[in-house]
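Chemist: Got a structure here, written out as structure tokens. Questions coming.
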Amino acid sequence: MRLAGRASRRMRPAILLAVFLSAVGVTGVATSGQAVAQLRVDITQGTIQPMPIAVPSFVGAGGAVDELSQNVAQVITANLKRSGLFAPIDPSAFIEPVAPPNVTPNFANWRPLSAQALVSGSVAPTGDGRIMAEYRLWDVVSGQYLIGKQFFAAPDNWRRLAHIITDSVYSRLTGERGYFDSRVAFVDETGGKAQRVKRLAIMDQDGANVRYLTSGEDIVVTPRFSPSRQEIAYASLTGDNWHIFVLNIETGQRELIGNFPNMAFSPRFSPDGQHVVLSLQQGSNSNIYRLDLRTRQLTRLTDSPSIDTAPSFSPNGAQVVFESDRGGQQQLYVMSALGGPAQRISFGDGKYGTPVWSPRGDLIAFTKQEGGAFKIGVMRPDGSGERILTEGFHNEGPTWAPNGRVLMFFRDSGGANGGPQLWSVDITGYNEQIVPTPSFASDPAWSPLLS
């Protein structure tokens with residue numbers, strides 16, 4: 001498929017990339033721009049001054065602006081703003097009328113607004129019952145075309161099209177993978193503190209499209225995504241027993257993978273999806289186990305009289321980080337994924353817990369309790385370079401965005417009528433904000449990218 005219009009005639013012969021997103025029926029085609037421009041957001045040291053970017057409303061059927069085209073542009077704008085790396089310009093300041101993406105912009109109308117980048121696009125129905133979204137990204141300063149793509153999807157997947165376009169824009173301007181086409185599993189909490197109903201729920205990373213996966217009859221905690229993105233492992237208290245379930249998000253089928261006489265918690269998939277690592281309580285202590293999902297063979301990885309819990313695989317599956325009080329108070333340890341000796345990596349003041357390895361492999365996020373405050377921080381896998389990103393009354397449960405640049409966690413507001421809410425913060429610590437949910441929410445788990 002070839003992009004039509006004046007801009008495409010200026011390109012080199014198109015380099016076409018077909019992307020088939022079979023889960024929701026999205027198809028994409030990409031074209032690269034002629035000139036290799038250097039417009040780029042530097043995120044290596046954190047961005048104090050976000051890049052000004054213009055995202056006019058997309059055009060709809062017949063070149064007119066309609067509700068769908070406005071909505072797509074608004075989601076893209078909100079995504080870019082929430083990243084903290086971009087400063088979308090107020091549409092009320094725009095001089096140039098909205099135009100289709102195949103029309104080269106008059107850059108003289110955008111430079112007075114200090115725009116460095118411009119996104120133009122369209123979204124409209126096709127003849128086969130789908131919608132087609134097309135966008136192009138422009139370097140306003142140099143007047144160069146950077147990249148453009150087309151996507152096809154069912155009409156009810158328009159929000160996902162907006163997330164995919166945002167990922168493409170983010171990737172082209174930062175050099176990093178995006179994280180917007182992803183979902184978050186969490187525990188939805190309603191009712192009073194004494195009798196709170198906890199349901200497993202899932203939503204888009206921006207808080208939209210909330211869907212409840214359990215009824216709330218049983219307590220659910222610590223949901224975790226599989227690498228396939230279609231399954232969630234979680235712990236559930238039914239009666240007096242704890243169970244570990246794996247739930248298929250699309251079919252709703254739930255499989256019991258462990259029925260343990262004592263407390264079982266913190267299940268987490270291995271990178272290949274073939275194993276789950278978890279913590280099992282025996283008396284006053286707990287140990288780390290690895291469960292083979294094919295054979296149901298349970299292998300003990302730690303054997304100590306302490307509390308070993310909250311295990312997390314490294315991205316290559318070779319190691320596991322976990323928390324333990326074997327040294328007198330909670331600290332972080334790393335061991336082989338097959339078990340054996342563990343090396344302590346945290347040595348600061350306070351108690352360390354809930355470690356989770358970044359999908360990039362370069363950092364481990366953790367919760368730190370010190371001086372009456374709960375802090376979310378990161379350190380390198382050898383324990384060096386510890387940095388605190390945020391602190392508050394009760395921060396807990398960090399989870400990584402699929403590109404390893406943003407963390408989500410939950411913060412309890414305290415008080416008689418308070419409860420937990422989801423927050424996000426980037427790894428520079430500069431961009432902290434609340435994540436909207438219908439009610440109280442805890443235990444977030446970020447999925448891998450859906451595409």
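Labels used: A, B, ... for chains in the order of the structure tokens, numbers from 1 for residues in each chain, and numbers from 1 for ligands as shown.
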Can you list, as a PyMOL selection string, every protein, DNA or RNA residue that comes within 9 Å of stretch 195-200 of chain A when you count only C-alpha atoms, leaving out same-chain residues fewer than 6 positions away?
Modeler: chain A and resi 185-189+211-221+223+234+441
Chemist: Determine, counting only C-alpha atoms, which protein, DNA and RNA residues have an atom within 12 Å of an atom of A:Gly418; residues of the same chain fewer than 2 positions away are not included. Present the result as a ChimeraX atom specification.
Modeler: /A:189-194,196,393-394,411-416,420-421,439-441
Chemist: Can you tell me, as a list in words, what residues are no more than 7 Å from A:Ser336 when counting only C-alpha atoms, ignoring any on the same chain fewer than 3 positions away?
Modeler: Ala318, Gln319, Val320, Gly339 and Gly340 of chain A
Chemist: Give me, please, the distance in Å between atom CA of A:Ala365 and atom CA of A:Gly377, quoted to one decimal.
Modeler: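 So the two atoms, atom CA of A:Ala365 and atom CA of A:Gly377, lie 5.7 Å apart.
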Chemist: Of the residues A:Phe152, A:Phe269, A:Phe374, A:Tyr430, which is the one nearest to A:Phe410, using only C-alpha atoms?
Modeler: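 Ranking A:Phe152, A:Phe269, A:Phe374, A:Tyr430 by distance to A:Phe410, first place goes to A:Phe374.
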